[in-house]
Amino acid sequence: MFIIAGLGNPDRQYEGTRHNVGFDVIDRLADKYNIAVDVKKHRALLGKGVIEGQKVILAKPQTYMNLSGESIRSLVDYYKIDGEHELLVIYDDINLGVGQLRIREKGSAGGHNGIKNIIAHLGTQVFPRIRVGVGEKPSRYNLADYVLGHFSRAEKELMDEGYDHAVKAVGMILSGRIGDAMSEYNRKKKEEPRS
């Protein structure tokens, strides 16, 4: 069984913000595979289903981003999954262009507080993740304001494509083809003009 956790912040005010792209990918997966993500357990919203023949739990931790590890540790322990191979975390990345993906089998937090907290709670950096680019912070912006901000119309189109790619990448990873997903989606896209 796989746990697929998308990171974000609960509460209406954060819907559609850059920091909530993990939740948005979970919503896309839920739609595509007809999984209701509506059970509250382990400080998360959960949904059980099947993706590419694999039993999955889709999870949206409700602890707020910086405490994501509390919920994910509880899920990993309860379902007795192997975090190094059966946990997939999806989250935002300001170091990637809007809608770009970076798929890795392990790695550091790279300054992302949600991932830092997950690594602290799991005691390892080894777990697959999909980073979804939200674009670099303009120099005049405060980081928190930027990641809690919304996308422009042009950026939303790029994000739509990024979400579609993330959903396809999840399918490949669950089919045991993480290497293929990495070579398909880790390629640099041409930088789109900002609007």
# chains A, B, ... in the order shown; residues from 1 in each chain; ligands from 1
call {"tool": "residues_around", "arguments": {"residues": "Ile115 of chain A", "least_positions_apart": "4", "cutoff": "10 Å", "atoms": "only C-alpha atoms", "output": "PyMOL selection string"}}
result
chain A and resi 7+65-69+89-91+107-111+119-121+125+129
call {"tool": "write_last_selection", "arguments": {"atoms": "all heavy atoms", "output": "short mmCIF file (atom, residue, chain, number, x, y, z; two decimals), in the first residue's frame"}}
result
data_model
loop_
_atom_site.label_atom_id
_atom_site.label_comp_id
_atom_site.auth_asym_id
_atom_site.auth_seq_id
_atom_site.Cartn_x
_atom_site.Cartn_y
_atom_site.Cartn_z
N LEU A 7 1.17 18.27 0.49
CA LEU A 7 1.30 19.23 1.58
C LEU A 7 0.57 20.54 1.27
O LEU A 7 0.51 20.97 0.12
CB LEU A 7 2.78 19.52 1.86
CG LEU A 7 3.66 18.31 2.17
CD1 LEU A 7 5.02 18.79 2.66
CD2 LEU A 7 3.03 17.37 3.17
N MET A 65 1.35 23.48 7.28
CA MET A 65 2.53 23.02 6.56
C MET A 65 3.71 22.66 7.46
O MET A 65 4.30 21.59 7.32
CB MET A 65 2.95 24.14 5.59
CG MET A 65 4.17 23.84 4.79
SD MET A 65 3.91 22.48 3.65
CE MET A 65 3.12 23.33 2.30
N ASN A 66 4.06 23.55 8.40
CA ASN A 66 5.31 23.36 9.14
C ASN A 66 5.29 22.21 10.12
O ASN A 66 6.32 21.86 10.69
CB ASN A 66 5.68 24.66 9.87
CG ASN A 66 5.96 25.79 8.89
OD1 ASN A 66 5.99 25.58 7.67
ND2 ASN A 66 6.17 26.97 9.41
N LEU A 67 4.11 21.60 10.34
CA LEU A 67 4.00 20.44 11.24
C LEU A 67 3.53 19.20 10.48
O LEU A 67 3.03 18.25 11.09
CB LEU A 67 3.02 20.76 12.39
CG LEU A 67 3.42 21.94 13.28
CD1 LEU A 67 2.33 22.23 14.30
CD2 LEU A 67 4.75 21.68 13.98
N SER A 68 3.72 19.17 9.17
CA SER A 68 3.25 18.06 8.34
C SER A 68 3.76 16.71 8.81
O SER A 68 3.08 15.69 8.68
CB SER A 68 3.69 18.27 6.88
OG SER A 68 3.14 19.44 6.34
N GLY A 69 4.96 16.69 9.38
CA GLY A 69 5.55 15.43 9.81
C GLY A 69 4.76 14.72 10.91
O GLY A 69 4.79 13.50 11.00
N VAL A 89 5.52 12.04 -1.23
CA VAL A 89 5.15 13.37 -0.75
C VAL A 89 5.20 14.37 -1.91
O VAL A 89 6.16 14.38 -2.68
CB VAL A 89 6.09 13.83 0.40
CG1 VAL A 89 5.68 15.21 0.91
CG2 VAL A 89 6.08 12.82 1.54
N ILE A 90 4.16 15.18 -2.02
CA ILE A 90 4.04 16.15 -3.12
C ILE A 90 3.94 17.54 -2.50
O ILE A 90 3.13 17.77 -1.61
CB ILE A 90 2.79 15.85 -3.97
CG1 ILE A 90 2.83 14.40 -4.48
CG2 ILE A 90 2.69 16.84 -5.14
CD1 ILE A 90 1.54 13.91 -5.09
N TYR A 91 4.80 18.45 -2.98
CA TYR A 91 4.84 19.78 -2.36
C TYR A 91 5.38 20.84 -3.32
O TYR A 91 5.91 20.52 -4.39
CB TYR A 91 5.66 19.75 -1.07
CG TYR A 91 7.11 19.33 -1.24
CD1 TYR A 91 8.13 20.28 -1.25
CD2 TYR A 91 7.46 17.99 -1.35
CE1 TYR A 91 9.45 19.90 -1.38
CE2 TYR A 91 8.78 17.60 -1.49
CZ TYR A 91 9.78 18.56 -1.50
OH TYR A 91 11.08 18.18 -1.64
N GLY A 107 16.29 13.06 -0.50
CA GLY A 107 16.95 14.35 -0.56
C GLY A 107 16.71 15.18 0.68
O GLY A 107 15.91 14.82 1.54
N SER A 108 17.43 16.29 0.75
CA SER A 108 17.29 17.18 1.91
C SER A 108 16.00 17.98 1.80
O SER A 108 15.29 17.91 0.79
CB SER A 108 18.48 18.14 1.97
OG SER A 108 18.37 19.08 0.90
N ALA A 109 15.73 18.78 2.82
CA ALA A 109 14.52 19.61 2.82
C ALA A 109 14.64 20.79 1.87
O ALA A 109 13.63 21.35 1.44
CB ALA A 109 14.24 20.10 4.24
N GLY A 110 15.87 21.19 1.55
CA GLY A 110 16.06 22.31 0.64
C GLY A 110 15.37 23.58 1.13
O GLY A 110 14.88 24.37 0.34
N GLY A 111 15.32 23.77 2.45
CA GLY A 111 14.72 24.99 2.99
C GLY A 111 13.21 24.94 3.13
O GLY A 111 12.60 25.90 3.58
N ILE A 119 11.12 15.02 7.67
CA ILE A 119 12.42 14.37 7.88
C ILE A 119 12.69 14.20 9.37
O ILE A 119 13.13 13.14 9.83
CB ILE A 119 13.54 15.16 7.18
CG1 ILE A 119 13.41 15.03 5.65
CG2 ILE A 119 14.92 14.70 7.65
CD1 ILE A 119 14.30 15.96 4.84
N ALA A 120 12.39 15.23 10.17
CA ALA A 120 12.61 15.16 11.62
C ALA A 120 11.75 14.06 12.25
O ALA A 120 12.24 13.30 13.09
CB ALA A 120 12.29 16.51 12.27
N HIS A 121 10.50 13.94 11.82
CA HIS A 121 9.61 12.94 12.42
C HIS A 121 9.89 11.53 11.93
O HIS A 121 9.71 10.56 12.67
CB HIS A 121 8.14 13.31 12.17
CG HIS A 121 7.63 14.34 13.14
ND1 HIS A 121 7.13 14.01 14.38
CD2 HIS A 121 7.58 15.68 13.07
CE1 HIS A 121 6.78 15.11 15.02
NE2 HIS A 121 7.05 16.14 14.25
N GLN A 125 15.81 11.05 5.34
CA GLN A 125 15.54 11.88 4.15
C GLN A 125 15.14 11.00 2.97
O GLN A 125 14.93 11.51 1.87
CB GLN A 125 16.80 12.65 3.73
CG GLN A 125 17.39 13.55 4.77
CD GLN A 125 18.52 14.38 4.20
OE1 GLN A 125 18.82 14.37 3.00
NE2 GLN A 125 19.18 15.13 5.06
N ARG A 129 9.59 11.85 -3.54
CA ARG A 129 8.83 13.11 -3.51
C ARG A 129 8.71 13.69 -4.91
O ARG A 129 9.57 13.44 -5.77
CB ARG A 129 9.43 14.10 -2.53
CG ARG A 129 10.72 14.80 -2.88
CD ARG A 129 12.01 14.07 -2.56
NE ARG A 129 12.18 13.52 -1.23
CZ ARG A 129 12.86 14.11 -0.26
NH1 ARG A 129 13.41 15.28 -0.45
NH2 ARG A 129 13.03 13.49 0.89
#
call {"tool": "select_by_dssp", "arguments": {"residues": "segment 21-192 of chain A", "states": "strand (DSSP E)", "output": "number ranges by chain"}}
result
A: 39-41, 44-51, 54-61, 87-93, 101-104, 129-133
call {"tool": "closest_residue", "arguments": {"among": "A:Met1, A:Thr17, A:Ile72, A:Glu105", "to": "Ser152 of chain A", "atoms": "only C-alpha atoms"}}
result
A:Thr17
call {"tool": "select_by_dssp", "arguments": {"residues": "segment 15-66 of chain A", "states": "helix (DSSP H, G or I)", "output": "list in words"}}
result
Arg18, His19, Asn20, Val21, Gly22, Phe23, Asp24, Val25, Ile26, Asp27, Arg28, Leu29, Ala30, Asp31, Lys32, Tyr33, Met65 and Asn66 of chain A
call {"tool": "atom_distance", "arguments": {"atom1": "atom CA of Gly47 of chain A", "atom2": "atom CA of Ile35 of chain A"}}
result
6.0 Å
call {"tool": "residues_around", "arguments": {"residues": "Ala5 of chain A", "least_positions_apart": "6", "cutoff": "10 Å", "atoms": "only C-alpha atoms", "output": "MDAnalysis selection string"}}
result
chainID A and resid 22:23 25:26 44:46 57:61 68 71:72 75 87:91 129
call {"tool": "atom_distance", "arguments": {"atom1": "atom CA of Asn117 of chain A", "atom2": "atom CA of Ala166 of chain A"}}
result
22.7 Å
call {"tool": "residues_around", "arguments": {"residues": "Gly179 of chain A", "least_positions_apart": "6", "cutoff": "10 Å", "atoms": "only C-alpha atoms", "output": "PyMOL selection string"}}
result
chain A and resi 103-105+172-173
call {"tool": "closest_residue", "arguments": {"among": "A:His150, A:Lys55, A:Lys80, A:His42", "to": "Gly135 of chain A", "atoms": "only C-alpha atoms"}}
result
A:His150
call {"tool": "closest_residue", "arguments": {"among": "A:Lys168, A:Asn142, A:Gln62, A:Gly8", "to": "Asp38 of chain A", "atoms": "only C-alpha atoms"}}
result
A:Gln62
call {"tool": "closest_residue", "arguments": {"among": "A:Val170, A:Val50, A:Val56, A:Val21", "to": "Asn9 of chain A", "atoms": "only C-alpha atoms"}}
result
A:Val21
call {"tool": "closest_residue", "arguments": {"among": "A:Ile178, A:Ile130, A:Val167, A:Ala144", "to": "Ile51 of chain A", "atoms": "only C-alpha atoms"}}
result
A:Val167
call {"tool": "closest_residue", "arguments": {"among": "A:Gly171, A:Pro128, A:Gly176, A:Gly83", "to": "Leu29 of chain A", "atoms": "only C-alpha atoms"}}
result
A:Gly171
call {"tool": "atom_distance", "arguments": {"atom1": "atom CA of Val98 of chain A", "atom2": "atom CA of Gly133 of chain A"}}
result
4.8 Å
